[in-house]
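**Q** One file: target.txt (compact mmCIF, C-alpha atoms).
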# COMPACT_ATOMS: atom_id res chain seq x y z
CA MET C 1 140.15 115.27 288.74
CA PHE C 2 143.64 113.87 289.08
CA PRO C 3 145.72 115.61 291.79
CA ASN C 4 148.70 117.70 290.63
CA CYS C 5 147.99 116.83 286.99
CA VAL C 6 149.15 119.47 284.51
CA GLY C 7 148.38 117.58 281.30
CA ALA C 8 147.67 114.39 279.42
CA LEU C 9 149.86 113.01 276.65
CA ASP C 10 149.27 110.66 273.77
CA GLY C 11 150.02 110.05 270.12
CA LYS C 12 147.72 109.89 267.10
CA HIS C 13 148.58 108.17 263.85
CA ILE C 14 148.06 110.33 260.76
CA ASN C 15 147.70 108.06 257.75
CA ILE C 16 149.85 108.84 254.72
CA ILE C 17 150.55 107.14 251.42
CA ARG C 18 153.49 104.76 251.51
CA PRO C 19 156.60 106.88 251.01
CA CYS C 20 158.79 105.73 248.12
CA HIS C 21 161.68 103.44 249.07
CA SER C 22 160.63 103.43 252.74
CA GLY C 23 159.97 99.72 253.14
CA SER C 24 158.16 99.18 256.43
CA PHE C 25 159.64 102.31 258.03
CA TYR C 26 156.24 104.08 258.29
CA PHE C 27 154.15 100.89 258.64
CA ASN C 28 152.37 100.81 262.01
CA TYR C 29 150.58 98.28 264.20
CA LYS C 30 147.26 99.25 262.55
CA LYS C 31 148.71 97.98 259.26
CA THR C 32 148.72 101.43 257.65
CA PHE C 33 151.49 103.88 256.81
CA SER C 34 151.56 106.85 259.14
CA ILE C 35 153.34 109.65 260.89
CA VAL C 36 152.69 110.30 264.56
CA LEU C 37 151.16 113.44 266.01
CA MET C 38 152.35 113.58 269.63
CA ALA C 39 150.52 115.97 271.95
CA VAL C 40 150.19 117.17 275.50
CA VAL C 41 146.87 118.79 276.41
CA ASN C 42 145.53 120.50 279.53
CA SER C 43 142.27 119.82 281.40
CA ASN C 44 140.37 121.93 278.84
CA SER C 45 141.72 119.77 275.97
CA ASP C 46 143.85 122.72 274.80
CA PHE C 47 147.07 121.69 273.10
CA LEU C 48 150.15 122.62 275.15
CA MET C 49 152.69 120.81 272.96
CA VAL C 50 152.63 119.09 269.59
CA ASP C 51 155.29 117.19 267.72
CA ILE C 52 154.71 115.68 264.29
CA GLY C 53 156.61 113.60 261.80
CA ALA C 54 157.97 110.54 263.58
CA ASN C 55 157.40 107.41 261.55
CA GLY C 56 154.39 105.32 262.51
CA ARG C 57 156.48 102.27 263.30
CA ILE C 58 157.75 103.86 266.53
CA SER C 59 155.64 103.44 269.69
CA ASP C 60 154.05 106.48 271.30
CA GLY C 61 156.53 106.23 274.16
CA GLY C 62 159.44 106.08 271.73
CA VAL C 63 158.16 109.09 269.81
CA PHE C 64 157.67 111.05 273.03
CA SER C 65 161.16 110.27 274.30
CA ASN C 66 162.59 111.95 271.18
CA THR C 67 160.70 115.25 271.59
CA LYS C 68 162.08 118.56 272.82
CA PHE C 69 159.30 118.53 275.44
CA PHE C 70 160.63 115.26 276.89
CA GLU C 71 164.16 116.66 276.95
CA MET C 72 162.94 119.74 278.81
CA LEU C 73 160.93 117.58 281.24
CA GLU C 74 163.97 115.40 281.96
CA ASN C 75 166.16 118.47 282.52
CA ASP C 76 163.57 120.20 284.77
CA GLU C 77 163.23 123.05 282.26
CA LEU C 78 159.40 123.11 282.01
CA ASN C 79 158.93 125.44 284.99
CA LEU C 80 156.46 123.09 286.63
CA PRO C 81 155.18 124.22 290.03
CA ASN C 82 157.06 122.95 293.06
CA PRO C 83 155.75 119.68 294.51
CA MET C 84 152.88 120.12 296.95
CA PRO C 85 150.71 117.88 299.11
CA VAL C 86 147.48 116.56 297.64
CA LEU C 87 144.17 115.98 299.38
CA ASN C 88 144.93 115.55 303.09
CA GLY C 89 148.49 114.34 302.58
CA LYS C 90 151.52 115.83 304.25
CA ASP C 91 154.23 114.79 301.80
CA PRO C 92 154.63 116.99 298.73
CA LEU C 93 154.06 115.23 295.41
CA PRO C 94 155.38 116.38 292.03
CA PHE C 95 153.17 117.80 289.30
CA VAL C 96 152.60 115.18 286.64
CA PHE C 97 151.41 114.32 283.15
CA VAL C 98 149.13 111.31 282.68
CA SER C 99 149.60 108.80 279.89
CA ASP C 100 148.64 105.32 278.76
CA THR C 101 150.66 102.12 279.04
CA ALA C 102 152.71 102.93 275.91
CA PHE C 103 154.74 105.47 277.90
CA ALA C 104 157.48 104.81 280.42
CA LEU C 105 156.74 105.53 284.06
CA ARG C 106 158.80 108.50 285.25
CA LYS C 107 158.81 110.98 288.12
CA ASN C 108 156.51 113.34 286.21
CA ILE C 109 154.73 110.82 283.93
CA LEU C 110 152.14 108.48 285.37
CA LYS C 111 150.53 105.55 283.60
CA PRO C 112 147.92 102.96 284.55
CA PHE C 113 148.66 99.69 286.28
CA GLY C 114 149.03 97.16 283.50
CA HIS C 115 148.58 93.74 285.07
CA SER C 116 145.27 91.93 284.67
CA ILE C 117 144.36 91.33 288.32
CA LEU C 118 144.18 94.62 290.19
CA ARG C 119 143.53 95.46 293.82
CA SER C 120 140.64 97.86 294.48
CA ASP C 121 143.00 100.80 295.10
CA GLU C 122 144.78 100.10 291.79
CA MET C 123 141.42 99.97 289.97
CA LEU C 124 140.44 103.31 291.50
CA TYR C 125 143.79 104.80 290.48
CA ASN C 126 143.36 103.52 286.89
CA LYS C 127 139.81 104.89 286.70
CA THR C 128 140.88 108.31 288.00
CA LEU C 129 143.88 108.43 285.69
CA SER C 130 141.70 107.41 282.73
CA SER C 131 139.23 110.22 283.44
CA ALA C 132 142.11 112.72 283.28
CA ARG C 133 143.67 111.10 280.22
CA VAL C 134 140.44 111.22 278.23
CA LYS C 135 141.14 114.94 277.66
CA VAL C 136 143.84 114.15 275.11
CA GLU C 137 141.53 111.71 273.32
CA ASN C 138 138.85 114.42 273.23
CA ALA C 139 141.35 116.92 271.83
CA PHE C 140 142.31 114.53 269.02
CA GLY C 141 138.61 113.92 268.31
CA ILE C 142 137.85 117.64 268.11
CA LEU C 143 140.89 118.19 265.89
CA SER C 144 139.88 115.36 263.54
CA SER C 145 136.29 116.60 263.35
CA ARG C 146 137.36 120.11 262.49
CA PHE C 147 140.11 119.14 260.06
CA ARG C 148 138.70 116.11 258.27
CA ILE C 149 141.90 115.56 256.28
CA LEU C 150 143.21 113.95 259.48
CA ARG C 151 140.65 111.15 258.97
CA THR C 152 141.88 110.34 255.47
CA VAL C 153 145.05 109.00 253.91
CA ILE C 154 147.10 112.11 253.14
CA ASN C 155 148.53 111.86 249.63
CA LEU C 156 151.75 113.75 250.37
CA SER C 157 155.29 112.95 251.44
CA SER C 158 155.78 112.54 255.17
CA GLU C 159 157.51 115.93 255.36
CA LYS C 160 154.72 117.75 253.52
CA ALA C 161 152.05 115.87 255.48
CA SER C 162 153.74 117.01 258.71
CA THR C 163 153.61 120.61 257.51
CA VAL C 164 149.91 120.29 256.62
CA VAL C 165 149.08 118.83 260.04
CA LEU C 166 150.93 121.63 261.85
CA ALA C 167 149.19 124.30 259.77
Is it possible to give me this structure as structure tokens?
**A**
Amino acid sequence: MFPNCVGALDGKHINIIRPCHSGSFYFNYKKTFSIVLMAVVNSNSDFLMVDIGANGRISDGGVFSNTKFFEMLENDELNLPNPMPVLNGKDPLPFVFVSDTAFALRKNILKPFGHSILRSDEMLYNKTLSSARVKVENAFGILSSRFRILRTVINLSSEKASTVVLA
């Protein structure tokens, strides 16, 4: 359990055919053409927010920073609980979302330490954060198992593929 964690966020590449006249616009680091499914899930792997359609060339952090959810988070419009102490602490800490290293560190978004040599407390933090973040990976796995089209190359335009994924 990660203290004061309200959700985990990540992106999943949905493979599509190369859109006409798009050049490398949808070409991602996996060397496929894709759109990005961005999601926030809770501790039960239930989807709280989804955004679909950004081109696969954009990083997960870049996709997230262009979502309505991010805008609402930045403007304190998500109605998150007030900060409160965790464990035996006295100082109140904000409620947070956990992410991977592709996302920018913010007041309400935590990510793992990225350097290669970590102190023991940093390793413990990364392990605890990872155990909370696995919920979003599980949610994507469940979604892909149930809707197998998400494991294929979708033979539709990016706009129509986005509609299919949201359905």
**Q** Pull the closest atom pair for each residue of range 59-123 of chain C that gets at most 9 Å from range 130-142 of chain C, along with the distance in Å to one decimal, counting only C-alpha atoms, ordering rows by chain and then ascending residue number, as a tab-separated table.
**A**
residue	atom	partner	partner_atom	distance
C:Phe97	CA	C:Arg133	CA	8.9
C:Val98	CA	C:Arg133	CA	6.0
C:Ser99	CA	C:Arg133	CA	6.4
C:Asp100	CA	C:Arg133	CA	7.8
C:Pro112	CA	C:Ser130	CA	7.9
**Q** Nearest to Val164 in chain C among C:Asp60, C:Pro85, C:Ile16, C:Ser65, with distances taken over all atoms listed in the file: which residue is it?
**A**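 Among the listed residues, the smallest separation from Val164 in chain C belongs to C:Ile16.
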**Q** Counting all atoms listed in the file, write as JSON, numbers by chain all protein and nucleic acid residues lying at most 7 Å from (145.9, 103.2, 255.2) in the file's frame.
**A** {"C": [15, 16, 32, 33, 153]}
**Q** Compile the contact shell of Cys5 in chain C as a PyMOL selection string: residues with an atom at most 6 Å away, counting all atoms listed in the file, same-chain residues fewer than 2 positions apart removed.
**A** chain C and resi 2-3+7+95-97
**Q** One number please: CA of Val36 in chain C to CA of Ala54 in chain C, in Å, one decimal.
**A** 5.4 Å
**Q** Quick one: residues within 10 Å of Ile154 in chain C, all atoms listed in the file, excluding same-chain residues fewer than 5 positions away - as a list in words?
**A**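 Within the cut-off, the hits are Ile14, Asn15, Ile16, Ile17, Arg18, Ser34, Ile149, Lys160, Ala161, Ser162, Val164 and Val165 of chain C.
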**Q** For Ile52 in chain C, please output as a list in words all residues within 10 Å (counting all atoms listed in the file; exclusion window: fewer than 2 positions along the same chain).
**A**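 Once the nearby chain positions are removed, what remains is Gly11, Lys12, His13, Ile14, Ile35, Val36, Leu37, Met38, Ala39, Val50, Ala54, Asn55, Val63, Thr67, Ser158, Glu159, Ala161, Ser162, Thr163, Val165 and Leu166 of chain C.
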